[in-house]
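Student: Just one file: protein-v1.tsv, with TSV, C-alpha atoms.
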chain	number	residue	atom	x	y	z
A	812	MET	CA	34.44	-96.42	-43.71
A	813	VAL	CA	34.51	-92.70	-43.22
A	814	PHE	CA	35.02	-92.67	-39.48
A	815	LYS	CA	37.09	-95.27	-37.73
A	816	ARG	CA	37.15	-94.07	-34.14
A	817	PHE	CA	33.85	-93.58	-32.35
A	818	VAL	CA	32.87	-92.09	-29.05
A	819	GLU	CA	31.77	-95.13	-27.04
A	820	ILE	CA	31.91	-96.30	-23.49
A	821	GLY	CA	35.45	-97.33	-22.81
A	822	ARG	CA	37.04	-95.34	-25.66
A	823	VAL	CA	40.44	-94.02	-24.60
A	824	ALA	CA	40.96	-90.39	-25.51
A	825	TYR	CA	43.93	-88.07	-25.42
A	826	VAL	CA	43.27	-84.73	-23.75
A	827	SER	CA	44.66	-82.05	-26.02
A	828	PHE	CA	44.15	-78.86	-24.01
A	829	GLY	CA	42.92	-77.70	-20.64
A	830	PRO	CA	44.15	-78.51	-17.17
A	831	HIS	CA	44.77	-82.17	-18.02
A	832	ALA	CA	46.46	-81.59	-21.33
A	833	GLY	CA	48.64	-84.46	-22.48
A	834	LYS	CA	46.95	-87.20	-20.45
A	835	LEU	CA	44.89	-90.22	-21.46
A	836	VAL	CA	41.35	-90.74	-20.22
A	837	ALA	CA	38.63	-93.31	-20.74
A	838	ILE	CA	35.08	-92.28	-21.64
A	839	VAL	CA	32.85	-93.80	-19.00
A	840	ASP	CA	29.51	-92.22	-19.82
A	841	VAL	CA	28.00	-89.57	-22.08
A	842	ILE	CA	26.31	-86.66	-20.31
A	843	ASP	CA	24.87	-84.71	-23.20
A	844	GLN	CA	25.85	-83.62	-26.68
A	845	ASN	CA	28.99	-81.84	-25.59
A	846	ARG	CA	30.21	-83.56	-22.45
A	847	ALA	CA	31.28	-86.96	-21.31
A	848	LEU	CA	31.95	-88.47	-17.92
A	849	VAL	CA	35.60	-89.30	-18.04
A	850	ASP	CA	38.06	-91.13	-15.81
A	851	GLY	CA	41.80	-91.68	-15.95
A	852	PRO	CA	42.77	-93.69	-12.87
A	853	CYS	CA	46.13	-94.75	-14.23
A	854	THR	CA	47.01	-91.36	-15.68
A	855	GLY	CA	46.11	-89.11	-12.77
A	856	VAL	CA	42.84	-87.65	-14.02
A	857	LYS	CA	40.07	-87.60	-11.46
A	858	ARG	CA	36.64	-88.72	-12.53
A	859	GLN	CA	34.94	-85.67	-14.01
A	860	SER	CA	32.95	-84.33	-16.90
A	861	MET	CA	34.96	-83.21	-19.86
A	862	PRO	CA	33.84	-81.58	-23.10
A	863	PHE	CA	34.36	-83.61	-26.25
A	864	LYS	CA	36.11	-80.69	-27.85
A	865	CYS	CA	39.23	-81.15	-25.79
A	866	MET	CA	39.41	-84.89	-26.37
A	867	GLN	CA	41.07	-86.60	-29.29
A	868	LEU	CA	40.04	-90.22	-29.76
A	869	THR	CA	42.67	-92.92	-29.84
A	870	ASP	CA	42.55	-96.42	-31.24
A	871	TYR	CA	42.18	-98.06	-27.86
A	872	VAL	CA	38.95	-99.19	-26.24
A	873	ILE	CA	38.69	-100.82	-22.85
A	874	LYS	CA	35.90	-103.15	-21.89
A	875	VAL	CA	33.97	-101.35	-19.20
A	876	PRO	CA	30.22	-101.06	-18.51
A	877	HIS	CA	28.79	-97.54	-18.53
A	878	SER	CA	29.16	-95.54	-15.29
A	879	ALA	CA	31.52	-98.18	-13.93
A	880	ARG	CA	33.35	-97.30	-10.74
A	881	GLN	CA	36.92	-96.09	-10.89
A	882	LYS	CA	38.16	-99.40	-9.50
A	883	PHE	CA	36.83	-101.29	-12.47
A	884	VAL	CA	38.00	-98.73	-14.97
A	885	ARG	CA	41.48	-99.11	-13.51
A	886	ARG	CA	41.23	-102.89	-13.70
A	887	ALA	CA	40.15	-102.84	-17.33
A	888	TRP	CA	42.83	-100.28	-18.19
A	889	GLU	CA	45.59	-102.35	-16.71
A	890	LYS	CA	44.24	-105.55	-18.27
A	891	ALA	CA	44.28	-103.99	-21.71
A	892	GLY	CA	47.71	-102.50	-21.07
A	893	VAL	CA	46.67	-99.17	-22.53
A	894	SER	CA	49.50	-97.13	-21.02
A	895	ASP	CA	52.15	-99.42	-22.49
A	896	LYS	CA	50.50	-99.58	-25.91
A	897	TRP	CA	50.19	-95.81	-25.92
A	898	SER	CA	53.82	-95.15	-25.09
A	899	GLN	CA	54.85	-97.40	-27.98
A	900	SER	CA	52.55	-95.78	-30.49
A	901	SER	CA	54.02	-93.36	-32.99
A	902	TRP	CA	51.53	-90.68	-31.88
A	903	ALA	CA	53.00	-90.67	-28.38
A	904	LYS	CA	56.52	-90.84	-29.73
A	905	LYS	CA	55.94	-87.81	-31.92
A	906	ILE	CA	54.60	-85.88	-28.94
A	907	GLU	CA	57.68	-86.80	-26.95
A	908	ALA	CA	59.99	-85.82	-29.78
A	909	ARG	CA	58.25	-82.45	-30.07
A	910	GLN	CA	58.69	-81.84	-26.35
A	911	LYS	CA	62.35	-82.80	-26.44
A	912	ARG	CA	62.97	-80.50	-29.35
A	913	ALA	CA	61.34	-77.59	-27.55
A	914	LYS	CA	63.52	-78.19	-24.49
A	915	MET	CA	66.80	-78.28	-26.40
A	916	SER	CA	69.43	-75.89	-25.18
A	917	ASP	CA	71.78	-74.01	-27.48
A	918	PHE	CA	74.51	-76.61	-26.90
A	919	ASP	CA	72.07	-79.43	-27.71
A	920	ARG	CA	71.13	-77.74	-30.94
A	921	TYR	CA	74.77	-77.56	-31.90
A	922	LYS	CA	75.24	-81.26	-31.15
A	923	VAL	CA	72.17	-82.17	-33.19
A	924	MET	CA	73.44	-80.10	-36.09
A	925	LYS	CA	76.77	-81.88	-36.04
A	926	ALA	CA	75.13	-85.30	-35.79
A	927	LYS	CA	72.77	-84.57	-38.68
A	928	ARG	CA	75.63	-83.36	-40.81
A	929	MET	CA	77.65	-86.49	-40.15
A	930	ARG	CA	74.66	-88.73	-40.86
A	931	ASN	CA	73.90	-86.98	-44.14
A	932	LYS	CA	77.51	-87.23	-45.18
A	933	ILE	CA	77.50	-90.98	-44.68
A	934	ILE	CA	74.25	-91.35	-46.56
A	935	LYS	CA	75.44	-89.22	-49.47
A	936	HIS	CA	78.65	-91.17	-49.60
A	937	GLU	CA	76.80	-94.46	-49.92
A	938	VAL	CA	74.43	-93.05	-52.51
A	939	LYS	CA	77.33	-91.78	-54.57
A	940	LYS	CA	78.92	-95.19	-54.42
A	941	LEU	CA	75.76	-96.87	-55.66
A	942	GLN	CA	75.35	-94.28	-58.40
A	943	LYS	CA	78.87	-94.86	-59.58
A	944	GLU	CA	78.32	-98.58	-59.77
A	945	ALA	CA	75.05	-98.12	-61.61
A	946	ALA	CA	76.73	-95.73	-64.07
A	947	LYS	CA	79.50	-98.19	-64.76
A	948	LYS	CA	77.09	-100.87	-65.87
B	1078	MET	CA	98.99	-42.38	24.25
B	1079	ALA	CA	99.72	-45.21	21.85
B	1080	GLU	CA	97.64	-47.56	23.96
B	1081	GLY	CA	94.82	-45.07	24.00
B	1082	ASP	CA	94.99	-44.76	20.20
B	1083	GLN	CA	94.76	-48.53	19.88
B	1084	LYS	CA	91.67	-48.58	22.03
B	1085	SER	CA	90.02	-45.80	20.01
B	1086	ALA	CA	90.85	-47.59	16.76
B	1087	LYS	CA	89.08	-50.69	18.05
B	1088	LYS	CA	86.04	-48.82	19.27
B	1089	LYS	CA	84.25	-48.48	15.88
B	1090	HIS	CA	81.01	-49.86	17.27
B	1091	GLY	CA	77.59	-50.41	15.81
B	1092	SER	CA	74.50	-50.03	17.92
B	1093	ARG	CA	74.98	-51.35	21.43
B	1094	ASN	CA	71.23	-51.93	21.62
B	1095	PRO	CA	70.41	-55.42	20.38
B	1096	VAL	CA	67.11	-55.69	18.47
B	1097	LEU	CA	64.44	-57.89	20.03
B	1098	VAL	CA	61.75	-57.34	17.44
B	1099	ARG	CA	61.87	-54.88	14.58
B	1100	GLY	CA	61.50	-51.44	16.14
B	1101	ILE	CA	62.02	-52.59	19.73
B	1102	GLY	CA	65.46	-52.62	21.34
B	1103	ARG	CA	66.61	-54.36	24.44
B	1104	TYR	CA	67.42	-51.22	26.40
B	1105	SER	CA	65.35	-48.12	27.00
B	1106	ARG	CA	66.45	-44.62	26.16
B	1107	SER	CA	67.54	-43.92	29.72
B	1108	ALA	CA	69.45	-47.19	29.95
B	1109	MET	CA	71.26	-46.36	26.69
B	1110	TYR	CA	72.06	-42.88	27.97
B	1111	ALA	CA	73.47	-44.37	31.16
B	1112	GLN	CA	75.58	-46.76	29.09
B	1113	ALA	CA	76.88	-43.93	26.93
B	1114	MET	CA	77.88	-41.90	29.97
B	1115	CYS	CA	79.72	-44.87	31.45
B	1116	THR	CA	81.75	-45.35	28.28
B	1117	LEU	CA	82.45	-41.65	28.10
B	1118	HIS	CA	83.81	-41.64	31.67
B	1119	TRP	CA	85.83	-44.73	30.89
B	1120	LEU	CA	87.33	-43.11	27.81
B	1121	VAL	CA	88.05	-39.93	29.70
B	1122	LYS	CA	89.86	-42.03	32.28
B	1123	LEU	CA	91.98	-43.51	29.52
B	1124	LYS	CA	92.56	-39.98	28.34
B	1125	VAL	CA	91.45	-40.80	24.81
B	1126	LYS	CA	90.49	-37.76	22.92
B	1127	PRO	CA	88.79	-38.43	19.58
B	1128	LYS	CA	90.45	-36.70	16.69
B	1129	ALA	CA	88.75	-33.43	15.83
B	1130	THR	CA	90.53	-32.43	12.63
B	1131	VAL	CA	92.44	-33.94	9.77
B	1132	VAL	CA	95.08	-32.38	7.56
B	1133	LYS	CA	94.54	-32.98	3.84
B	1134	THR	CA	96.78	-32.03	0.93
B	1135	VAL	CA	95.41	-29.77	-1.74
B	1136	GLY	CA	96.62	-29.29	-5.31
B	1137	GLY	CA	97.14	-26.14	-7.27
B	1138	ASP	CA	99.69	-23.36	-7.23
B	1139	LYS	CA	100.12	-20.84	-4.48
B	1140	ASN	CA	97.47	-22.53	-2.40
B	1141	GLY	CA	99.44	-23.42	0.65
B	1142	GLY	CA	99.67	-27.21	0.11
B	1143	THR	CA	97.37	-28.33	2.97
B	1144	ARG	CA	94.03	-27.66	4.52
B	1145	VAL	CA	92.84	-28.43	8.03
B	1146	VAL	CA	89.47	-30.18	7.72
B	1147	LYS	CA	87.08	-30.62	10.63
B	1148	LEU	CA	85.91	-34.20	11.17
B	1149	ARG	CA	82.68	-33.35	12.96
B	1150	LYS	CA	81.15	-30.42	11.17
B	1151	MET	CA	78.60	-27.96	12.50
B	1152	PRO	CA	75.04	-28.97	11.64
B	1153	ARG	CA	73.80	-27.78	8.31
B	1154	TYR	CA	70.29	-27.46	9.59
B	1155	TYR	CA	68.62	-26.43	12.85
B	1156	PRO	CA	65.06	-27.67	13.16
B	1157	THR	CA	62.66	-24.75	12.99
B	1158	GLU	CA	60.35	-26.46	10.55
B	1159	ASP	CA	58.65	-29.79	11.13
B	1160	VAL	CA	60.50	-31.80	8.56
B	1161	PRO	CA	64.16	-31.17	7.78
B	1162	ARG	CA	64.65	-30.52	4.12
B	1163	LYS	CA	66.78	-33.00	2.22
B	1164	LEU	CA	69.58	-31.99	-0.07
B	1165	LYS	CA	68.78	-32.19	-3.75
B	1166	SER	CA	71.47	-34.83	-4.09
B	1167	HIS	CA	69.84	-36.94	-1.37
B	1168	GLY	CA	70.00	-40.63	-2.17
B	1169	LYS	CA	71.75	-40.11	-5.49
B	1170	LYS	CA	74.95	-42.07	-5.43
B	1171	PRO	CA	77.83	-41.78	-7.84
B	1172	PHE	CA	78.35	-44.62	-10.31
B	1173	SER	CA	81.16	-46.16	-8.30
B	1174	GLN	CA	78.79	-46.76	-5.39
B	1175	HIS	CA	75.88	-48.16	-7.38
B	1176	LYS	CA	74.55	-51.61	-6.54
B	1177	ARG	CA	75.71	-54.17	-9.11
B	1178	LYS	CA	73.23	-56.80	-10.11
B	1179	LEU	CA	73.92	-60.01	-11.95
B	1180	ARG	CA	71.30	-62.12	-13.63
B	1181	ALA	CA	70.74	-65.40	-11.83
B	1182	THR	CA	71.36	-67.31	-15.04
B	1183	ILE	CA	74.90	-65.96	-15.35
B	1184	THR	CA	77.27	-67.86	-13.08
B	1185	GLN	CA	80.96	-68.75	-13.18
B	1186	GLY	CA	81.72	-70.70	-16.31
B	1187	THR	CA	78.49	-70.01	-18.16
B	1188	VAL	CA	78.70	-69.92	-21.92
B	1189	LEU	CA	77.41	-66.55	-23.14
B	1190	ILE	CA	76.44	-65.43	-26.63
B	1191	LEU	CA	77.69	-61.94	-27.41
B	1192	LEU	CA	75.14	-59.87	-29.26
B	1193	THR	CA	76.90	-56.62	-30.04
B	1194	GLY	CA	80.35	-55.45	-30.88
B	1195	ARG	CA	82.84	-56.88	-33.30
B	1196	HIS	CA	82.44	-60.33	-31.74
B	1197	ARG	CA	78.70	-60.56	-32.18
B	1198	GLY	CA	77.33	-64.05	-32.41
B	1199	LYS	CA	80.34	-65.61	-30.79
B	1200	ARG	CA	80.03	-68.01	-27.89
B	1201	VAL	CA	82.24	-67.09	-25.02
B	1202	VAL	CA	83.03	-68.20	-21.43
B	1203	PHE	CA	82.07	-65.97	-18.50
B	1204	LEU	CA	84.74	-65.58	-15.83
B	1205	LYS	CA	83.57	-63.01	-13.30
B	1206	GLN	CA	81.77	-59.74	-12.83
B	1207	LEU	CA	84.01	-56.71	-12.41
B	1208	SER	CA	83.41	-53.93	-9.92
B	1209	SER	CA	81.85	-51.72	-12.59
B	1210	GLY	CA	79.21	-54.34	-13.29
B	1211	LEU	CA	80.65	-55.42	-16.62
B	1212	LEU	CA	81.35	-59.07	-17.22
B	1213	LEU	CA	84.88	-60.37	-17.69
B	1214	VAL	CA	84.79	-62.80	-20.55
B	1215	THR	CA	87.25	-64.82	-22.62
B	1216	GLY	CA	86.98	-66.74	-25.93
B	1217	PRO	CA	89.28	-68.55	-25.22
B	1218	LEU	CA	91.45	-66.78	-27.75
B	1219	ALA	CA	92.64	-69.99	-29.39
B	1220	LEU	CA	89.10	-71.08	-30.17
B	1221	ASN	CA	87.27	-68.02	-31.37
B	1222	ARG	CA	89.69	-65.07	-31.29
B	1223	VAL	CA	87.88	-63.38	-28.44
B	1224	PRO	CA	90.50	-62.15	-25.95
B	1225	LEU	CA	90.03	-61.33	-22.29
B	1226	ARG	CA	87.42	-58.67	-22.66
B	1227	ARG	CA	84.60	-56.90	-20.90
B	1228	ALA	CA	81.03	-57.47	-21.98
B	1229	HIS	CA	77.84	-55.77	-20.92
B	1230	GLN	CA	75.27	-57.91	-19.19
B	1231	LYS	CA	72.38	-56.50	-21.16
B	1232	PHE	CA	73.90	-57.31	-24.53
B	1233	VAL	CA	74.54	-60.94	-23.85
B	1234	ILE	CA	72.44	-64.09	-23.93
B	1235	ALA	CA	73.17	-66.50	-21.11
B	1236	THR	CA	72.89	-70.14	-22.16
B	1237	ASN	CA	72.22	-73.10	-19.91
B	1238	THR	CA	75.60	-74.57	-20.72
B	1239	LYS	CA	78.14	-74.26	-17.95
B	1240	ILE	CA	81.79	-75.24	-17.67
B	1241	ASP	CA	83.11	-76.07	-14.24
B	1242	ILE	CA	85.81	-73.47	-13.67
B	1243	SER	CA	85.78	-73.60	-9.89
B	1244	GLY	CA	89.44	-74.60	-9.83
B	1245	MET	CA	90.54	-71.70	-11.97
B	1246	LYS	CA	92.53	-68.79	-10.64
B	1247	ILE	CA	91.89	-65.47	-12.33
B	1248	PRO	CA	94.74	-62.99	-11.81
B	1249	LYS	CA	93.76	-60.15	-9.51
B	1250	THR	CA	95.24	-57.57	-11.86
B	1251	LEU	CA	92.31	-57.96	-14.26
B	1252	ASN	CA	89.99	-55.17	-13.22
B	1253	ASP	CA	88.26	-52.20	-14.78
B	1254	ALA	CA	91.34	-49.98	-14.75
B	1255	TYR	CA	93.23	-52.65	-16.71
B	1256	PHE	CA	90.64	-52.73	-19.45
B	1257	LYS	CA	89.75	-49.08	-19.58
B	1258	LYS	CA	90.47	-47.38	-22.91
B	1259	LYS	CA	93.42	-45.05	-22.65
B	1260	LYS	CA	92.76	-41.44	-23.58
B	1261	LEU	CA	95.72	-39.77	-25.16
B	1262	ARG	CA	94.38	-36.32	-25.70
B	1263	ARG	CA	96.52	-33.34	-24.92
B	1264	PRO	CA	94.96	-30.89	-27.40
B	1265	ARG	CA	96.75	-27.64	-27.57
B	1266	HIS	CA	94.15	-25.27	-28.81
B	1267	GLN	CA	94.01	-24.89	-32.61
B	1268	GLU	CA	96.63	-27.44	-33.35
B	1269	GLY	CA	96.26	-28.20	-37.04
B	1270	GLU	CA	93.86	-31.16	-37.36
B	1271	ILE	CA	91.69	-31.12	-34.26
B	1272	PHE	CA	90.10	-34.49	-35.00
B	1273	ASP	CA	93.35	-36.32	-35.48
B	1274	THR	CA	94.00	-38.21	-32.24
B	1275	GLU	CA	97.27	-40.09	-32.21
B	1276	LYS	CA	96.21	-43.39	-30.69
B	1277	GLU	CA	93.09	-44.54	-32.44
B	1278	LYS	CA	94.24	-48.06	-33.09
B	1279	TYR	CA	94.43	-50.47	-30.18
B	1280	GLN	CA	97.95	-51.62	-29.44
B	1281	LEU	CA	98.51	-55.12	-28.10
B	1282	THR	CA	100.77	-55.15	-25.09
B	1283	GLU	CA	102.91	-57.98	-23.82
B	1284	GLN	CA	101.08	-57.92	-20.52
B	1285	ARG	CA	97.79	-58.66	-22.25
B	1286	LYS	CA	99.33	-61.59	-24.06
B	1287	GLU	CA	100.70	-63.00	-20.83
B	1288	ASP	CA	97.46	-62.64	-18.95
B	1289	GLN	CA	95.59	-64.22	-21.84
B	1290	LYS	CA	97.96	-67.17	-21.82
B	1291	ALA	CA	97.68	-67.53	-18.04
B	1292	VAL	CA	93.90	-67.69	-18.14
B	1293	ASP	CA	93.54	-69.77	-21.29
B	1294	SER	CA	96.06	-72.38	-20.22
B	1295	GLN	CA	93.81	-73.13	-17.26
B	1296	LEU	CA	90.60	-72.93	-19.24
B	1297	LEU	CA	91.43	-75.04	-22.30
B	1298	PRO	CA	91.92	-78.37	-20.50
B	1299	LEU	CA	88.60	-77.84	-18.71
B	1300	ILE	CA	86.93	-77.27	-22.07
B	1301	LYS	CA	88.55	-80.32	-23.60
B	1302	LYS	CA	87.00	-82.46	-20.87
B	1303	VAL	CA	83.48	-81.74	-22.07
B	1304	PRO	CA	82.77	-83.54	-25.38
B	1305	GLN	CA	82.05	-81.24	-28.31
B	1306	MET	CA	82.47	-78.10	-26.19
B	1307	LYS	CA	85.48	-77.00	-28.20
B	1308	GLY	CA	83.58	-77.05	-31.48
B	1309	TYR	CA	80.63	-75.36	-29.80
B	1310	LEU	CA	82.74	-72.42	-28.70
B	1311	ARG	CA	84.31	-72.17	-32.12
B	1312	SER	CA	80.95	-71.90	-33.86
B	1313	SER	CA	78.85	-68.75	-33.84
B	1314	PHE	CA	75.17	-68.30	-33.17
B	1315	CYS	CA	72.79	-67.50	-35.99
B	1316	LEU	CA	69.07	-67.51	-36.68
B	1317	SER	CA	67.61	-69.22	-39.68
B	1318	ASN	CA	64.18	-69.91	-41.14
B	1319	GLY	CA	61.64	-71.05	-38.62
B	1320	VAL	CA	63.86	-70.25	-35.63
B	1321	TYR	CA	62.23	-67.74	-33.32
B	1322	PRO	CA	64.23	-66.38	-30.37
B	1323	HIS	CA	61.19	-66.13	-28.12
B	1324	LYS	CA	60.59	-69.84	-28.57
B	1325	LEU	CA	64.17	-70.94	-28.11
B	1326	VAL	CA	65.43	-72.33	-24.86
B	1327	PHE	CA	68.99	-71.13	-24.51
Spell out the structure here as structure tokens.
Tutor:
Amino acid sequence: MVFKRFVEIGRVAYVSFGPHAGKLVAIVDVIDQNRALVDGPCTGVKRQSMPFKCMQLTDYVIKVPHSARQKFVRRAWEKAGVSDKWSQSSWAKKIEARQKRAKMSDFDRYKVMKAKRMRNKIIKHEVKKLQKEAAKK
Amino acid sequence: MAEGDQKSAKKKHGSRNPVLVRGIGRYSRSAMYAQAMCTLHWLVKLKVKPKATVVKTVGGDKNGGTRVVKLRKMPRYYPTEDVPRKLKSHGKKPFSQHKRKLRATITQGTVLILLTGRHRGKRVVFLKQLSSGLLLVTGPLALNRVPLRRAHQKFVIATNTKIDISGMKIPKTLNDAYFKKKKLRRPRHQEGEIFDTEKEKYQLTEQRKEDQKAVDSQLLPLIKKVPQMKGYLRSSFCLSNGVYPHKLVF
């Protein structure tokens, strides 16, 4: 299949820019070609219309009828455990790693450099050992 | 007379009119005048006469070594115009009286990155701001060969990293006069090589070594307490590919 994630009622989307950047929302209804009615009760996004452009679709869908009230969106969200699944996904982890890297202070950068160096040394050491053994044979 | 002098020495008073609201005092003009007259009578009773002149010494030959200087001079200006004219030097203070500012990010024990001078790129510990506004800074010497030195605030990056040096005692003798470059110029006109000054190289003195030791011996154990701080201060700062200073959080 060419496309795997579709805009549908209940599709969980990640807001990439705008006032709610970085939060997850569920698509509750489609308004017209460019906008959707969106709600994120568990992520602090009030029910509102949001353009599709600023949404990036995720793999998660919650079972919710169209135009469902916030109470039921919240119920379905918690039942599906979307927030937990999201925080364990590699997408969310990459975002977190990017944020941590941007917040690093000069001292942190030094510590990271030292840790990387040590790690690479150990790896190279092991590789050399294996190479030597392979060469002997 | 001695008692009277004591009283006059104590009487350096601010305004005796407490402020209720900005621009409004507690007492009216006439009440203040009455107060002033009372104190004047009181002082006259004590027979305290405020000093009118002061004798100051004056240099130079054949000058008669002293001058008598009036303490309360005659007014420079009598109002005939609406607005009294200000002197051209009004509000312009000499450097020694300038207000010294210090960036909020620079506090005691902050690690700074020097940007200019022979120690550029080195990470260094901030001790205190001197009266000229320059920052007193030390390597410590054992870690990165930066001695007790002055650094300019503008040519320094302040990092977030701080060492707790609240327990440290910095000798009071470390001030601007201590660090000022000594000028040894006594040029007798047309003396051979005019551009050959005798003391161009900096000479280390024993006092500097002692002060360095005194400060560093307190600082090094504090640094050793923080893991990896020693190596951090030994390394120097550099930019590499993909590293943009405007995007870095220091």
Student: Taking all atoms listed in the file into account, report as a PyMOL selection string which residues of chain B lie within 9 Å of chain A.
Tutor: chain B and resi 1236-1238+1305-1306+1308-1309+1312+1314+1324-1327
Student: Please, could you write that set of residues out with C-alpha atoms as a short mmCIF file (atom, residue, chain, number, x, y, z; two decimals), in the coordinates of the input?
Tutor:
data_model
loop_
_atom_site.label_atom_id
_atom_site.label_comp_id
_atom_site.auth_asym_id
_atom_site.auth_seq_id
_atom_site.Cartn_x
_atom_site.Cartn_y
_atom_site.Cartn_z
CA THR B 1236 72.89 -70.14 -22.16
CA ASN B 1237 72.22 -73.10 -19.91
CA THR B 1238 75.60 -74.57 -20.72
CA GLN B 1305 82.05 -81.24 -28.31
CA MET B 1306 82.47 -78.10 -26.19
CA GLY B 1308 83.58 -77.05 -31.48
CA TYR B 1309 80.63 -75.36 -29.80
CA SER B 1312 80.95 -71.90 -33.86
CA PHE B 1314 75.17 -68.30 -33.17
CA LYS B 1324 60.59 -69.84 -28.57
CA LEU B 1325 64.17 -70.94 -28.11
CA VAL B 1326 65.43 -72.33 -24.86
CA PHE B 1327 68.99 -71.13 -24.51
#
Student: From (34.9, -96.6, -15.5), in the file's coordinates, out to 12 Å: which residues are reached, counting all atoms listed in the file? Answer as a ChimeraX atom specification.
Tutor: /A:820-823,836-841,847-853,857-859,872-888
Student: Would you save the residues of that selection, restricted to C-alpha atoms, as a JSON list (two decimals), in the coordinates of the input?
Tutor:
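Written file, again-v1.json:
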[["chain", "number", "residue", "atom", "x", "y", "z"],
["A", 820, "ILE", "CA", 31.91, -96.30, -23.49],
["A", 821, "GLY", "CA", 35.45, -97.33, -22.81],
["A", 822, "ARG", "CA", 37.04, -95.34, -25.66],
["A", 823, "VAL", "CA", 40.44, -94.02, -24.60],
["A", 836, "VAL", "CA", 41.35, -90.74, -20.22],
["A", 837, "ALA", "CA", 38.63, -93.31, -20.74],
["A", 838, "ILE", "CA", 35.08, -92.28, -21.64],
["A", 839, "VAL", "CA", 32.85, -93.80, -19.00],
["A", 840, "ASP", "CA", 29.51, -92.22, -19.82],
["A", 841, "VAL", "CA", 28.00, -89.57, -22.08],
["A", 847, "ALA", "CA", 31.28, -86.96, -21.31],
["A", 848, "LEU", "CA", 31.95, -88.47, -17.92],
["A", 849, "VAL", "CA", 35.60, -89.30, -18.04],
["A", 850, "ASP", "CA", 38.06, -91.13, -15.81],
["A", 851, "GLY", "CA", 41.80, -91.68, -15.95],
["A", 852, "PRO", "CA", 42.77, -93.69, -12.87],
["A", 853, "CYS", "CA", 46.13, -94.75, -14.23],
["A", 857, "LYS", "CA", 40.07, -87.60, -11.46],
["A", 858, "ARG", "CA", 36.64, -88.72, -12.53],
["A", 859, "GLN", "CA", 34.94, -85.67, -14.01],
["A", 872, "VAL", "CA", 38.95, -99.19, -26.24],
["A", 873, "ILE", "CA", 38.69, -100.82, -22.85],
["A", 874, "LYS", "CA", 35.90, -103.15, -21.89],
["A", 875, "VAL", "CA", 33.97, -101.35, -19.20],
["A", 876, "PRO", "CA", 30.22, -101.06, -18.51],
["A", 877, "HIS", "CA", 28.79, -97.54, -18.53],
["A", 878, "SER", "CA", 29.16, -95.54, -15.29],
["A", 879, "ALA", "CA", 31.52, -98.18, -13.93],
["A", 880, "ARG", "CA", 33.35, -97.30, -10.74],
["A", 881, "GLN", "CA", 36.92, -96.09, -10.89],
["A", 882, "LYS", "CA", 38.16, -99.40, -9.50],
["A", 883, "PHE", "CA", 36.83, -101.29, -12.47],
["A", 884, "VAL", "CA", 38.00, -98.73, -14.97],
["A", 885, "ARG", "CA", 41.48, -99.11, -13.51],
["A", 886, "ARG", "CA", 41.23, -102.89, -13.70],
["A", 887, "ALA", "CA", 40.15, -102.84, -17.33],
["A", 888, "TRP", "CA", 42.83, -100.28, -18.19]]
Student: Please indicate the distance in Å from CA of Asn1221 (chain B) to CA of Lys1205 (chain B), rounded to one decimal place.
Tutor: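 CA of Lys1205 (chain B) lies 19.1 Å from CA of Asn1221 (chain B).
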Student: Tell me which residues come within 7 Å of (47.0, -96.4, -19.5), as a list of chain:residue names, counting all atoms listed in the file in the file's coordinates.
Tutor: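 With a cut-off of 7 Å, the residues come to A:Leu835, A:Cys853, A:Thr854, A:Trp888, A:Glu889, A:Gly892, A:Val893, A:Ser894, A:Asp895.
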Student: CA of Leu1191 (chain B) and CA of Gln910 (chain A) are how many Å apart?
Tutor: 27.5 Å
Student: Go ahead and compute the interatomic distance for CA of Ser1209 (chain B) and CA of Asn1252 (chain B), in Å to one decimal.
Tutor: 8.9 Å
Student: Would you compute the box with edges along x, y and z of the file around region 1231-1236 of chain B, including every atom the file lists for it and 4 Å extra on each side, and give its centre and edge lengths in Å to one decimal, as AutoDock Vina command-line options?
Tutor:
--center_x 73.5 --center_y -63.3 --center_z -22.8 --size_x 10.2 --size_y 21.6 --size_z 11.4
Student: Report as a Markdown table the residues of region 1153-1211 of chain B within 12 Å of region 1254-1257 of chain B, each with its shortest atom pair and distance in Å (one decimal), using only C-alpha atoms, ordered by chain and increasing residue number.
Tutor:
| residue | atom | partner | partner_atom | distance |
| --- | --- | --- | --- | --- |
| B:Leu1207 | CA | B:Ala1254 | CA | 10.2 |
| B:Ser1208 | CA | B:Ala1254 | CA | 10.1 |
| B:Ser1209 | CA | B:Ala1254 | CA | 9.9 |
| B:Leu1211 | CA | B:Phe1256 | CA | 10.7 |
Student: Counting all atoms listed in the file, which residue out of A:Lys890, A:Lys834, A:Lys947, A:Lys896 sits closest to Met866 (chain A)?
Tutor: A:Lys834
